[in-house]
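The structure file input_26.cif is reproduced below (mmCIF, N, CA and C atoms).
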data_coords
loop_
_atom_site.label_atom_id
_atom_site.label_comp_id
_atom_site.auth_asym_id
_atom_site.auth_seq_id
_atom_site.Cartn_x
_atom_site.Cartn_y
_atom_site.Cartn_z
N MET A 1 -38.26 -6.90 -278.42
CA MET A 1 -37.84 -7.42 -279.72
C MET A 1 -37.69 -6.25 -280.69
N TYR A 2 -36.66 -6.30 -281.50
CA TYR A 2 -36.47 -5.32 -282.55
C TYR A 2 -36.05 -6.07 -283.80
N ARG A 3 -36.87 -5.98 -284.83
CA ARG A 3 -36.61 -6.64 -286.10
C ARG A 3 -36.26 -8.12 -285.91
N GLY A 4 -36.98 -8.75 -284.99
CA GLY A 4 -36.79 -10.18 -284.75
C GLY A 4 -35.69 -10.53 -283.77
N TYR A 5 -35.00 -9.55 -283.24
CA TYR A 5 -33.90 -9.80 -282.30
C TYR A 5 -34.33 -9.37 -280.90
N ASP A 6 -33.96 -10.19 -279.91
CA ASP A 6 -34.18 -9.81 -278.52
C ASP A 6 -33.18 -8.70 -278.20
N ILE A 7 -33.69 -7.50 -278.01
CA ILE A 7 -32.82 -6.33 -277.86
C ILE A 7 -31.92 -6.44 -276.61
N HIS A 8 -32.40 -7.13 -275.58
CA HIS A 8 -31.58 -7.31 -274.38
C HIS A 8 -30.37 -8.19 -274.68
N GLU A 9 -30.58 -9.22 -275.48
CA GLU A 9 -29.47 -10.09 -275.87
C GLU A 9 -28.50 -9.35 -276.80
N VAL A 10 -29.05 -8.60 -277.73
CA VAL A 10 -28.20 -7.84 -278.65
C VAL A 10 -27.35 -6.84 -277.86
N ALA A 11 -27.96 -6.16 -276.89
CA ALA A 11 -27.24 -5.16 -276.09
C ALA A 11 -26.09 -5.79 -275.31
N GLN A 12 -26.25 -7.03 -274.90
CA GLN A 12 -25.19 -7.69 -274.14
C GLN A 12 -24.08 -8.26 -275.02
N LYS A 13 -24.43 -8.67 -276.24
CA LYS A 13 -23.47 -9.41 -277.06
C LYS A 13 -22.92 -8.64 -278.25
N ALA A 14 -23.60 -7.59 -278.68
CA ALA A 14 -23.19 -6.91 -279.91
C ALA A 14 -22.41 -5.64 -279.59
N SER A 15 -21.55 -5.26 -280.51
CA SER A 15 -20.80 -4.01 -280.37
C SER A 15 -21.69 -2.83 -280.77
N TYR A 16 -21.22 -1.65 -280.47
CA TYR A 16 -21.93 -0.42 -280.87
C TYR A 16 -22.16 -0.42 -282.37
N GLU A 17 -21.11 -0.76 -283.13
CA GLU A 17 -21.21 -0.75 -284.58
C GLU A 17 -22.23 -1.78 -285.08
N GLU A 18 -22.27 -2.95 -284.45
CA GLU A 18 -23.24 -3.97 -284.86
C GLU A 18 -24.68 -3.49 -284.63
N VAL A 19 -24.92 -2.85 -283.49
CA VAL A 19 -26.25 -2.33 -283.19
C VAL A 19 -26.62 -1.21 -284.16
N ALA A 20 -25.68 -0.32 -284.44
CA ALA A 20 -25.95 0.76 -285.39
C ALA A 20 -26.26 0.18 -286.77
N TYR A 21 -25.52 -0.83 -287.19
CA TYR A 21 -25.78 -1.48 -288.47
C TYR A 21 -27.18 -2.10 -288.47
N LEU A 22 -27.53 -2.78 -287.39
CA LEU A 22 -28.86 -3.38 -287.27
C LEU A 22 -29.95 -2.32 -287.41
N LEU A 23 -29.78 -1.21 -286.73
CA LEU A 23 -30.79 -0.15 -286.79
C LEU A 23 -30.92 0.43 -288.19
N LEU A 24 -29.82 0.54 -288.91
CA LEU A 24 -29.85 1.11 -290.26
C LEU A 24 -30.28 0.12 -291.32
N ASN A 25 -29.94 -1.15 -291.14
CA ASN A 25 -30.14 -2.12 -292.21
C ASN A 25 -31.12 -3.24 -291.90
N GLY A 26 -31.58 -3.32 -290.66
CA GLY A 26 -32.59 -4.32 -290.33
C GLY A 26 -32.06 -5.70 -290.03
N GLU A 27 -30.76 -5.88 -290.06
CA GLU A 27 -30.17 -7.18 -289.73
C GLU A 27 -28.78 -6.96 -289.16
N LEU A 28 -28.31 -7.93 -288.39
CA LEU A 28 -26.94 -7.85 -287.89
C LEU A 28 -25.98 -8.09 -289.05
N PRO A 29 -24.83 -7.43 -289.03
CA PRO A 29 -23.90 -7.55 -290.15
C PRO A 29 -23.09 -8.83 -290.12
N SER A 30 -22.67 -9.27 -291.30
CA SER A 30 -21.68 -10.34 -291.39
C SER A 30 -20.34 -9.74 -290.98
N THR A 31 -19.34 -10.54 -290.86
CA THR A 31 -18.01 -10.06 -290.51
C THR A 31 -17.52 -9.04 -291.54
N LYS A 32 -17.73 -9.34 -292.81
CA LYS A 32 -17.31 -8.44 -293.89
C LYS A 32 -18.10 -7.13 -293.83
N GLN A 33 -19.41 -7.22 -293.66
CA GLN A 33 -20.25 -6.02 -293.59
C GLN A 33 -19.86 -5.16 -292.39
N LEU A 34 -19.57 -5.79 -291.26
CA LEU A 34 -19.17 -5.06 -290.06
C LEU A 34 -17.85 -4.33 -290.29
N ALA A 35 -16.90 -4.99 -290.94
CA ALA A 35 -15.61 -4.35 -291.23
C ALA A 35 -15.80 -3.15 -292.16
N GLU A 36 -16.61 -3.30 -293.19
CA GLU A 36 -16.87 -2.20 -294.13
C GLU A 36 -17.59 -1.05 -293.43
N PHE A 37 -18.57 -1.38 -292.60
CA PHE A 37 -19.32 -0.36 -291.86
C PHE A 37 -18.40 0.39 -290.90
N GLY A 38 -17.52 -0.35 -290.23
CA GLY A 38 -16.55 0.27 -289.33
C GLY A 38 -15.64 1.23 -290.07
N GLN A 39 -15.24 0.86 -291.29
CA GLN A 39 -14.40 1.74 -292.10
C GLN A 39 -15.17 3.00 -292.52
N GLN A 40 -16.46 2.84 -292.86
CA GLN A 40 -17.28 4.00 -293.23
C GLN A 40 -17.39 4.97 -292.05
N ILE A 41 -17.63 4.43 -290.87
CA ILE A 41 -17.75 5.28 -289.69
C ILE A 41 -16.42 5.97 -289.39
N ALA A 42 -15.34 5.22 -289.45
CA ALA A 42 -14.02 5.80 -289.18
C ALA A 42 -13.70 6.93 -290.15
N ALA A 43 -14.10 6.77 -291.41
CA ALA A 43 -13.82 7.79 -292.42
C ALA A 43 -14.61 9.07 -292.18
N GLU A 44 -15.70 8.98 -291.45
CA GLU A 44 -16.56 10.15 -291.20
C GLU A 44 -16.37 10.76 -289.82
N ARG A 45 -15.51 10.19 -288.99
CA ARG A 45 -15.42 10.57 -287.58
C ARG A 45 -14.86 11.96 -287.33
N THR A 46 -13.94 12.40 -288.13
CA THR A 46 -13.29 13.69 -287.90
C THR A 46 -14.28 14.82 -288.12
N LEU A 47 -14.30 15.75 -287.18
CA LEU A 47 -15.19 16.91 -287.31
C LEU A 47 -14.61 17.91 -288.29
N PRO A 48 -15.46 18.57 -289.07
CA PRO A 48 -14.97 19.64 -289.94
C PRO A 48 -14.36 20.76 -289.09
N ALA A 49 -13.33 21.42 -289.63
CA ALA A 49 -12.63 22.49 -288.91
C ALA A 49 -13.57 23.57 -288.37
N PRO A 50 -14.60 24.01 -289.14
CA PRO A 50 -15.50 25.03 -288.59
C PRO A 50 -16.24 24.57 -287.32
N VAL A 51 -16.51 23.28 -287.22
CA VAL A 51 -17.18 22.77 -286.03
C VAL A 51 -16.23 22.83 -284.83
N VAL A 52 -14.97 22.47 -285.04
CA VAL A 52 -13.97 22.55 -283.96
C VAL A 52 -13.81 24.00 -283.52
N GLU A 53 -13.78 24.91 -284.47
CA GLU A 53 -13.68 26.33 -284.12
C GLU A 53 -14.91 26.80 -283.35
N MET A 54 -16.07 26.32 -283.74
CA MET A 54 -17.29 26.66 -283.01
C MET A 54 -17.21 26.13 -281.57
N LEU A 55 -16.64 24.95 -281.40
CA LEU A 55 -16.48 24.41 -280.05
C LEU A 55 -15.54 25.28 -279.23
N ARG A 56 -14.47 25.74 -279.86
CA ARG A 56 -13.54 26.64 -279.15
C ARG A 56 -14.27 27.93 -278.74
N PHE A 57 -15.04 28.48 -279.66
CA PHE A 57 -15.79 29.70 -279.38
C PHE A 57 -16.80 29.46 -278.26
N ALA A 58 -17.51 28.34 -278.33
CA ALA A 58 -18.50 28.03 -277.30
C ALA A 58 -17.83 27.86 -275.94
N ALA A 59 -16.65 27.20 -275.92
CA ALA A 59 -15.94 27.03 -274.66
C ALA A 59 -15.49 28.38 -274.12
N ALA A 60 -15.03 29.24 -275.01
CA ALA A 60 -14.58 30.57 -274.59
C ALA A 60 -15.73 31.37 -273.99
N LEU A 61 -16.91 31.16 -274.50
CA LEU A 61 -18.09 31.85 -273.97
C LEU A 61 -18.73 31.11 -272.80
N ASP A 62 -18.10 29.98 -272.43
CA ASP A 62 -18.64 29.16 -271.36
C ASP A 62 -20.05 28.69 -271.69
N SER A 63 -20.28 28.38 -272.96
CA SER A 63 -21.58 27.89 -273.39
C SER A 63 -21.73 26.43 -273.02
N SER A 64 -22.94 25.99 -272.98
CA SER A 64 -23.20 24.59 -272.63
C SER A 64 -22.88 23.69 -273.81
N HIS A 65 -22.63 22.43 -273.53
CA HIS A 65 -22.39 21.47 -274.60
C HIS A 65 -23.67 21.24 -275.39
N GLY A 66 -24.81 21.51 -274.80
CA GLY A 66 -26.06 21.40 -275.54
C GLY A 66 -26.07 22.35 -276.72
N TYR A 67 -25.57 23.56 -276.51
CA TYR A 67 -25.46 24.54 -277.60
C TYR A 67 -24.49 24.00 -278.66
N ALA A 68 -23.37 23.49 -278.21
CA ALA A 68 -22.39 22.97 -279.16
C ALA A 68 -22.97 21.79 -279.94
N ALA A 69 -23.66 20.91 -279.25
CA ALA A 69 -24.25 19.77 -279.94
C ALA A 69 -25.30 20.23 -280.94
N HIS A 70 -26.08 21.23 -280.55
CA HIS A 70 -27.11 21.73 -281.46
C HIS A 70 -26.50 22.21 -282.77
N TRP A 71 -25.43 22.96 -282.70
CA TRP A 71 -24.81 23.47 -283.92
C TRP A 71 -23.77 22.51 -284.48
N GLY A 72 -23.19 21.67 -283.63
CA GLY A 72 -22.11 20.79 -284.06
C GLY A 72 -22.56 19.65 -284.95
N ILE A 73 -23.80 19.30 -284.90
CA ILE A 73 -24.26 18.25 -285.80
C ILE A 73 -24.63 18.93 -287.09
N ASP A 74 -24.03 19.83 -287.36
CA ASP A 74 -23.68 20.74 -288.39
C ASP A 74 -24.31 20.47 -289.74
N VAL A 75 -24.95 21.49 -290.19
CA VAL A 75 -25.58 21.45 -291.51
C VAL A 75 -24.52 21.25 -292.59
N GLU A 76 -23.31 21.77 -292.40
CA GLU A 76 -22.26 21.60 -293.40
C GLU A 76 -21.98 20.13 -293.65
N CYS A 77 -22.08 19.32 -292.61
CA CYS A 77 -21.80 17.90 -292.76
C CYS A 77 -22.77 17.23 -293.73
N ILE A 78 -23.99 17.73 -293.79
CA ILE A 78 -25.01 17.06 -294.60
C ILE A 78 -25.66 17.97 -295.63
N ARG A 79 -25.18 19.20 -295.73
CA ARG A 79 -25.81 20.18 -296.62
C ARG A 79 -25.99 19.66 -298.03
N SER A 80 -24.98 19.01 -298.57
CA SER A 80 -25.06 18.55 -299.96
C SER A 80 -26.19 17.55 -300.17
N GLU A 81 -26.67 16.94 -299.11
CA GLU A 81 -27.72 15.93 -299.26
C GLU A 81 -29.00 16.28 -298.51
N LEU A 82 -29.13 17.52 -298.09
CA LEU A 82 -30.31 17.89 -297.32
C LEU A 82 -31.61 17.61 -298.04
N SER A 83 -31.67 17.87 -299.32
CA SER A 83 -32.92 17.68 -300.04
C SER A 83 -33.08 16.26 -300.59
N ASP A 84 -32.06 15.44 -300.45
CA ASP A 84 -32.12 14.06 -300.92
C ASP A 84 -32.59 13.17 -299.77
N ASN A 85 -33.81 12.70 -299.86
CA ASN A 85 -34.37 11.84 -298.81
C ASN A 85 -34.47 10.39 -299.24
N SER A 86 -33.63 10.02 -300.20
CA SER A 86 -33.61 8.62 -300.61
C SER A 86 -33.05 7.77 -299.47
N HIS A 87 -33.32 6.49 -299.53
CA HIS A 87 -32.82 5.59 -298.49
C HIS A 87 -31.29 5.65 -298.42
N ALA A 88 -30.64 5.63 -299.58
CA ALA A 88 -29.17 5.65 -299.60
C ALA A 88 -28.62 6.93 -298.98
N ALA A 89 -29.23 8.08 -299.31
CA ALA A 89 -28.76 9.34 -298.72
C ALA A 89 -29.01 9.37 -297.22
N ASN A 90 -30.15 8.86 -296.78
CA ASN A 90 -30.44 8.83 -295.34
C ASN A 90 -29.46 7.92 -294.60
N ILE A 91 -29.04 6.83 -295.22
CA ILE A 91 -28.03 5.95 -294.60
C ILE A 91 -26.71 6.70 -294.50
N ARG A 92 -26.30 7.40 -295.56
CA ARG A 92 -25.04 8.17 -295.52
C ARG A 92 -25.10 9.24 -294.43
N LYS A 93 -26.21 9.95 -294.33
CA LYS A 93 -26.36 10.99 -293.30
C LYS A 93 -26.31 10.36 -291.91
N SER A 94 -26.95 9.22 -291.76
CA SER A 94 -26.95 8.53 -290.46
C SER A 94 -25.54 8.11 -290.07
N ILE A 95 -24.78 7.59 -291.02
CA ILE A 95 -23.41 7.18 -290.73
C ILE A 95 -22.59 8.38 -290.27
N ARG A 96 -22.76 9.53 -290.93
CA ARG A 96 -22.03 10.74 -290.50
C ARG A 96 -22.40 11.11 -289.07
N LEU A 97 -23.66 11.08 -288.75
CA LEU A 97 -24.09 11.44 -287.39
C LEU A 97 -23.58 10.43 -286.37
N ILE A 98 -23.70 9.14 -286.68
CA ILE A 98 -23.20 8.11 -285.78
C ILE A 98 -21.71 8.33 -285.53
N ALA A 99 -20.97 8.62 -286.58
CA ALA A 99 -19.52 8.79 -286.47
C ALA A 99 -19.13 10.05 -285.71
N ARG A 100 -19.87 11.14 -285.90
CA ARG A 100 -19.41 12.44 -285.41
C ARG A 100 -19.93 12.84 -284.03
N VAL A 101 -21.02 12.26 -283.58
CA VAL A 101 -21.56 12.69 -282.28
C VAL A 101 -20.56 12.41 -281.17
N SER A 102 -19.93 11.24 -281.16
CA SER A 102 -18.96 10.96 -280.09
C SER A 102 -17.74 11.85 -280.22
N THR A 103 -17.32 12.16 -281.44
CA THR A 103 -16.19 13.07 -281.63
C THR A 103 -16.55 14.46 -281.14
N LEU A 104 -17.75 14.88 -281.42
CA LEU A 104 -18.22 16.18 -280.94
C LEU A 104 -18.16 16.25 -279.42
N ILE A 105 -18.59 15.19 -278.77
CA ILE A 105 -18.58 15.15 -277.30
C ILE A 105 -17.15 15.20 -276.77
N THR A 106 -16.28 14.33 -277.31
CA THR A 106 -14.92 14.27 -276.77
C THR A 106 -14.12 15.54 -277.11
N ASP A 107 -14.24 16.03 -278.35
CA ASP A 107 -13.53 17.27 -278.69
C ASP A 107 -14.05 18.44 -277.87
N GLY A 108 -15.36 18.52 -277.71
CA GLY A 108 -15.95 19.60 -276.91
C GLY A 108 -15.47 19.54 -275.47
N TRP A 109 -15.39 18.35 -274.90
CA TRP A 109 -14.93 18.22 -273.52
C TRP A 109 -13.47 18.63 -273.41
N ARG A 110 -12.62 18.15 -274.32
CA ARG A 110 -11.19 18.49 -274.26
C ARG A 110 -11.01 19.99 -274.39
N ILE A 111 -11.71 20.62 -275.33
CA ILE A 111 -11.58 22.07 -275.52
C ILE A 111 -12.06 22.80 -274.27
N SER A 112 -13.14 22.34 -273.65
CA SER A 112 -13.65 23.00 -272.44
C SER A 112 -12.66 22.88 -271.29
N GLN A 113 -11.77 21.90 -271.37
CA GLN A 113 -10.74 21.71 -270.34
C GLN A 113 -9.44 22.40 -270.70
N GLY A 114 -9.44 23.18 -271.80
CA GLY A 114 -8.25 23.89 -272.24
C GLY A 114 -7.27 23.01 -272.98
N GLU A 115 -7.71 21.84 -273.43
CA GLU A 115 -6.83 20.91 -274.15
C GLU A 115 -7.19 20.92 -275.63
N GLU A 116 -6.28 20.42 -276.44
CA GLU A 116 -6.51 20.30 -277.87
C GLU A 116 -7.24 18.99 -278.17
N PRO A 117 -8.11 18.98 -279.18
CA PRO A 117 -8.72 17.71 -279.59
C PRO A 117 -7.65 16.75 -280.08
N LEU A 118 -7.86 15.48 -279.83
CA LEU A 118 -6.93 14.46 -280.31
C LEU A 118 -7.39 13.96 -281.67
N PRO A 119 -6.44 13.59 -282.53
CA PRO A 119 -6.86 13.05 -283.83
C PRO A 119 -7.58 11.72 -283.64
N GLU A 120 -8.51 11.46 -284.52
CA GLU A 120 -9.23 10.19 -284.48
C GLU A 120 -8.29 9.07 -284.93
N LYS A 121 -8.55 7.89 -284.42
CA LYS A 121 -7.74 6.72 -284.76
C LYS A 121 -8.63 5.76 -285.55
N PRO A 122 -8.49 5.73 -286.87
CA PRO A 122 -9.39 4.92 -287.69
C PRO A 122 -9.31 3.42 -287.42
N ASP A 123 -8.24 2.96 -286.77
CA ASP A 123 -8.12 1.53 -286.49
C ASP A 123 -8.90 1.13 -285.24
N LEU A 124 -9.43 2.11 -284.50
CA LEU A 124 -10.20 1.81 -283.29
C LEU A 124 -11.70 1.87 -283.58
N THR A 125 -12.47 1.21 -282.74
CA THR A 125 -13.93 1.27 -282.83
C THR A 125 -14.41 2.62 -282.32
N GLN A 126 -15.71 2.86 -282.43
CA GLN A 126 -16.29 4.09 -281.88
C GLN A 126 -15.98 4.18 -280.38
N ALA A 127 -16.24 3.11 -279.66
CA ALA A 127 -15.99 3.11 -278.22
C ALA A 127 -14.50 3.32 -277.93
N GLY A 128 -13.65 2.67 -278.71
CA GLY A 128 -12.21 2.83 -278.52
C GLY A 128 -11.77 4.27 -278.69
N ASN A 129 -12.26 4.93 -279.73
CA ASN A 129 -11.94 6.34 -279.94
C ASN A 129 -12.50 7.21 -278.83
N PHE A 130 -13.73 6.95 -278.42
CA PHE A 130 -14.36 7.74 -277.37
C PHE A 130 -13.55 7.69 -276.09
N PHE A 131 -13.13 6.49 -275.71
CA PHE A 131 -12.43 6.34 -274.43
C PHE A 131 -10.96 6.72 -274.51
N THR A 132 -10.38 6.78 -275.69
CA THR A 132 -8.99 7.24 -275.79
C THR A 132 -8.93 8.74 -275.87
N ASN A 133 -10.00 9.35 -276.35
CA ASN A 133 -10.03 10.82 -276.43
C ASN A 133 -10.50 11.38 -275.12
#
Translate the structure described by the file into C-alpha cells.
Amino acid sequence: MYRGYDIHEVAQKASYEEVAYLLLNGELPSTKQLAEFGQQIAAERTLPAPVVEMLRFAAALDSSHGYAAHWGIDVECIRSELSDNSHAANIRKSIRLIARVSTLITDGWRISQGEEPLPEKPDLTQAGNFFTN
C-alpha cells in the first residue's frame, strides 16, 4: 500500500505520469490535473545544450552512461533553486528530473550509436517519447 492505494493495482492500471503525480502529490490526479502535469513534464523534457554536448564528449571518450547520468542530471537544470527547499521548489525540481532522465537515456544512447538526438514530442507521454527516441 502507498498512500492508501494498492501499489500492485496502481502499477497495472495507471500511467507513468499518474504514478509520478501520486508520488509527488499523495493522490491520483483528476483528468485535468493529469493533463496539466503531462504538459509540465513535456515542457521540461528537452535537455539543455551543455548536457547534450557533455553526452557527445562522454561518447567520444567511450565513457559509461553512468558517468553521463551522474553529470547529466545537471546542476544547471536546478541551480536557480538549489537553496530553495520549499515544497513547491522540490516539486518543480522533481518534475524536471522526471522529465529529463528518460531524455538523458535516449539521447545518450543515440549519441553513443553515432546518431543525433531526436527532438522531444510534447504531444506524447513520457513512455511515448522514450520509445520513439
| message | Quick check, in Å to one decimal: how far apart do CA of Glu27 (chain A) and atom N of Lys121 (chain A) lie? | response | 26.9 Å
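Picked out by the PyMOL selection byres ((chain A and resi 104-117) around 6.5) when it runs on this file: Leu55, Arg56, Ala59, Arg100, Val101, Ser102, Thr103, Leu118, Pro119 and Asn133 of chain A.
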| task | List the residues selected by the PyMOL selection byres ((chain A and resi 41-53) around 6) in the file shown, writing them as a ChimeraX atom specification. | result | /A:37-40,54-58,72,95-96,99-100,103,122
Output N, CA and C atoms for every residue in the selection just made, as a PDB file, in the coordinates of the input.
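This is the output file part-v8.pdb:
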ATOM      1  N   PHE A  37     -18.570  -1.380-292.600  1.00  0.00           N
ATOM      2  CA  PHE A  37     -19.320  -0.360-291.860  1.00  0.00           C
ATOM      3  C   PHE A  37     -18.400   0.390-290.900  1.00  0.00           C
ATOM      4  N   GLY A  38     -17.520  -0.350-290.230  1.00  0.00           N
ATOM      5  CA  GLY A  38     -16.550   0.270-289.330  1.00  0.00           C
ATOM      6  C   GLY A  38     -15.640   1.230-290.070  1.00  0.00           C
ATOM      7  N   GLN A  39     -15.240   0.860-291.290  1.00  0.00           N
ATOM      8  CA  GLN A  39     -14.400   1.740-292.100  1.00  0.00           C
ATOM      9  C   GLN A  39     -15.170   3.000-292.520  1.00  0.00           C
ATOM     10  N   GLN A  40     -16.460   2.840-292.860  1.00  0.00           N
ATOM     11  CA  GLN A  40     -17.280   4.000-293.230  1.00  0.00           C
ATOM     12  C   GLN A  40     -17.390   4.970-292.050  1.00  0.00           C
ATOM     13  N   MET A  54     -16.070  26.320-283.740  1.00  0.00           N
ATOM     14  CA  MET A  54     -17.290  26.660-283.010  1.00  0.00           C
ATOM     15  C   MET A  54     -17.210  26.130-281.570  1.00  0.00           C
ATOM     16  N   LEU A  55     -16.640  24.950-281.400  1.00  0.00           N
ATOM     17  CA  LEU A  55     -16.480  24.410-280.050  1.00  0.00           C
ATOM     18  C   LEU A  55     -15.540  25.280-279.230  1.00  0.00           C
ATOM     19  N   ARG A  56     -14.470  25.740-279.860  1.00  0.00           N
ATOM     20  CA  ARG A  56     -13.540  26.640-279.150  1.00  0.00           C
ATOM     21  C   ARG A  56     -14.270  27.930-278.740  1.00  0.00           C
ATOM     22  N   PHE A  57     -15.040  28.480-279.660  1.00  0.00           N
ATOM     23  CA  PHE A  57     -15.790  29.700-279.380  1.00  0.00           C
ATOM     24  C   PHE A  57     -16.800  29.460-278.260  1.00  0.00           C
ATOM     25  N   ALA A  58     -17.510  28.340-278.330  1.00  0.00           N
ATOM     26  CA  ALA A  58     -18.500  28.030-277.300  1.00  0.00           C
ATOM     27  C   ALA A  58     -17.830  27.860-275.940  1.00  0.00           C
ATOM     28  N   GLY A  72     -23.190  21.670-283.630  1.00  0.00           N
ATOM     29  CA  GLY A  72     -22.110  20.790-284.060  1.00  0.00           C
ATOM     30  C   GLY A  72     -22.560  19.650-284.950  1.00  0.00           C
ATOM     31  N   ILE A  95     -24.780   7.590-291.020  1.00  0.00           N
ATOM     32  CA  ILE A  95     -23.410   7.180-290.730  1.00  0.00           C
ATOM     33  C   ILE A  95     -22.590   8.380-290.270  1.00  0.00           C
ATOM     34  N   ARG A  96     -22.760   9.530-290.930  1.00  0.00           N
ATOM     35  CA  ARG A  96     -22.030  10.740-290.500  1.00  0.00           C
ATOM     36  C   ARG A  96     -22.400  11.110-289.070  1.00  0.00           C
ATOM     37  N   ALA A  99     -20.970   8.620-286.580  1.00  0.00           N
ATOM     38  CA  ALA A  99     -19.520   8.790-286.470  1.00  0.00           C
ATOM     39  C   ALA A  99     -19.130  10.050-285.710  1.00  0.00           C
ATOM     40  N   ARG A 100     -19.870  11.140-285.900  1.00  0.00           N
ATOM     41  CA  ARG A 100     -19.410  12.440-285.410  1.00  0.00           C
ATOM     42  C   ARG A 100     -19.930  12.840-284.030  1.00  0.00           C
ATOM     43  N   THR A 103     -17.320  12.160-281.440  1.00  0.00           N
ATOM     44  CA  THR A 103     -16.190  13.070-281.630  1.00  0.00           C
ATOM     45  C   THR A 103     -16.550  14.460-281.140  1.00  0.00           C
ATOM     46  N   PRO A 122      -8.490   5.730-286.870  1.00  0.00           N
ATOM     47  CA  PRO A 122      -9.390   4.920-287.690  1.00  0.00           C
ATOM     48  C   PRO A 122      -9.310   3.420-287.420  1.00  0.00           C
TER      49      PRO A 122
END
| task | Go through chain A and collect every residue that DSSP, computed from the backbone, puts in helix (DSSP H, G or I); the answer should be as a ChimeraX atom specification. | result | /A:7-13,16-25,31-44,49-60,65-72,75-81,87-112,126-132
| said: Neighbouring residues of Leu24 (chain A) were defined as those with any atom within 8 Å, considering only N, CA and C atoms; residues of the same chain fewer than 5 positions away were excluded. Please report them as a PyMOL selection string. | reply: chain A and resi 18-19+91+94
Selected residues written out with N, CA and C atoms, as a PDB file, in the coordinates of the input:
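again-v4.pdb was written with the following content:
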ATOM      1  N   GLU A  18     -22.270  -2.950-284.450  1.00  0.00           N
ATOM      2  CA  GLU A  18     -23.240  -3.970-284.860  1.00  0.00           C
ATOM      3  C   GLU A  18     -24.680  -3.490-284.630  1.00  0.00           C
ATOM      4  N   VAL A  19     -24.920  -2.850-283.490  1.00  0.00           N
ATOM      5  CA  VAL A  19     -26.250  -2.330-283.190  1.00  0.00           C
ATOM      6  C   VAL A  19     -26.620  -1.210-284.160  1.00  0.00           C
ATOM      7  N   ILE A  91     -29.040   6.830-295.220  1.00  0.00           N
ATOM      8  CA  ILE A  91     -28.030   5.950-294.600  1.00  0.00           C
ATOM      9  C   ILE A  91     -26.710   6.700-294.500  1.00  0.00           C
ATOM     10  N   SER A  94     -26.950   9.220-291.760  1.00  0.00           N
ATOM     11  CA  SER A  94     -26.950   8.530-290.460  1.00  0.00           C
ATOM     12  C   SER A  94     -25.540   8.110-290.070  1.00  0.00           C
TER      13      SER A  94
END
| atom C of Met1 (chain A) and CA of Asn129 (chain A), how far apart in Å? |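 Distance between the two atoms: 28.7 Å.
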| task | One decimal, Å: what's the distance from atom C of Asn90 (chain A) over to atom C of Gly26 (chain A), could you say? | result | 14.6 Å
| Hey, which of A:Asp84, A:Leu28, A:Lys93, A:Leu34 ends up closest to Tyr5 (chain A)? Count only C-alpha atoms. |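 Answer, going by the shortest atom-to-atom distance: A:Leu28.
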Around all the atoms of region 14-26 of chain A listed in the file, draw an axis-aligned box and extend it by 5 Å on each of the six sides; I want its centre and edge lengths in Å to one decimal, as JSON.
{"center_x": -26.7, "center_y": -3.2, "center_z": -285.4, "size_x": 21.8, "size_y": 18.7, "size_z": 23.5}
| request: Evaluate the PyMOL selection byres (((chain A and resi 10 and name CA) around 12) and name CA) on the structure here and hand back the selected residues as a PyMOL selection string. | output: chain A and resi 1-9+11-23+27-28
Just the selected residues (N, CA and C atoms), exported as a compact mmCIF listing (two decimals), in the frame of the given file, please.
# COMPACT_ATOMS: atom_id res chain seq x y z
N MET A 1 -38.26 -6.90 -278.42
CA MET A 1 -37.84 -7.42 -279.72
C MET A 1 -37.69 -6.25 -280.69
N TYR A 2 -36.66 -6.30 -281.50
CA TYR A 2 -36.47 -5.32 -282.55
C TYR A 2 -36.05 -6.07 -283.80
N ARG A 3 -36.87 -5.98 -284.83
CA ARG A 3 -36.61 -6.64 -286.10
C ARG A 3 -36.26 -8.12 -285.91
N GLY A 4 -36.98 -8.75 -284.99
CA GLY A 4 -36.79 -10.18 -284.75
C GLY A 4 -35.69 -10.53 -283.77
N TYR A 5 -35.00 -9.55 -283.24
CA TYR A 5 -33.90 -9.80 -282.30
C TYR A 5 -34.33 -9.37 -280.90
N ASP A 6 -33.96 -10.19 -279.91
CA ASP A 6 -34.18 -9.81 -278.52
C ASP A 6 -33.18 -8.70 -278.20
N ILE A 7 -33.69 -7.50 -278.01
CA ILE A 7 -32.82 -6.33 -277.86
C ILE A 7 -31.92 -6.44 -276.61
N HIS A 8 -32.40 -7.13 -275.58
CA HIS A 8 -31.58 -7.31 -274.38
C HIS A 8 -30.37 -8.19 -274.68
N GLU A 9 -30.58 -9.22 -275.48
CA GLU A 9 -29.47 -10.09 -275.87
C GLU A 9 -28.50 -9.35 -276.80
N ALA A 11 -27.96 -6.16 -276.89
CA ALA A 11 -27.24 -5.16 -276.09
C ALA A 11 -26.09 -5.79 -275.31
N GLN A 12 -26.25 -7.03 -274.90
CA GLN A 12 -25.19 -7.69 -274.14
C GLN A 12 -24.08 -8.26 -275.02
N LYS A 13 -24.43 -8.67 -276.24
CA LYS A 13 -23.47 -9.41 -277.06
C LYS A 13 -22.92 -8.64 -278.25
N ALA A 14 -23.60 -7.59 -278.68
CA ALA A 14 -23.19 -6.91 -279.91
C ALA A 14 -22.41 -5.64 -279.59
N SER A 15 -21.55 -5.26 -280.51
CA SER A 15 -20.80 -4.01 -280.37
C SER A 15 -21.69 -2.83 -280.77
N TYR A 16 -21.22 -1.65 -280.47
CA TYR A 16 -21.93 -0.42 -280.87
C TYR A 16 -22.16 -0.42 -282.37
N GLU A 17 -21.11 -0.76 -283.13
CA GLU A 17 -21.21 -0.75 -284.58
C GLU A 17 -22.23 -1.78 -285.08
N GLU A 18 -22.27 -2.95 -284.45
CA GLU A 18 -23.24 -3.97 -284.86
C GLU A 18 -24.68 -3.49 -284.63
N VAL A 19 -24.92 -2.85 -283.49
CA VAL A 19 -26.25 -2.33 -283.19
C VAL A 19 -26.62 -1.21 -284.16
N ALA A 20 -25.68 -0.32 -284.44
CA ALA A 20 -25.95 0.76 -285.39
C ALA A 20 -26.26 0.18 -286.77
N TYR A 21 -25.52 -0.83 -287.19
CA TYR A 21 -25.78 -1.48 -288.47
C TYR A 21 -27.18 -2.10 -288.47
N LEU A 22 -27.53 -2.78 -287.39
CA LEU A 22 -28.86 -3.38 -287.27
C LEU A 22 -29.95 -2.32 -287.41
N LEU A 23 -29.78 -1.21 -286.73
CA LEU A 23 -30.79 -0.15 -286.79
C LEU A 23 -30.92 0.43 -288.19
N GLU A 27 -30.76 -5.88 -290.06
CA GLU A 27 -30.17 -7.18 -289.73
C GLU A 27 -28.78 -6.96 -289.16
N LEU A 28 -28.31 -7.93 -288.39
CA LEU A 28 -26.94 -7.85 -287.89
C LEU A 28 -25.98 -8.09 -289.05
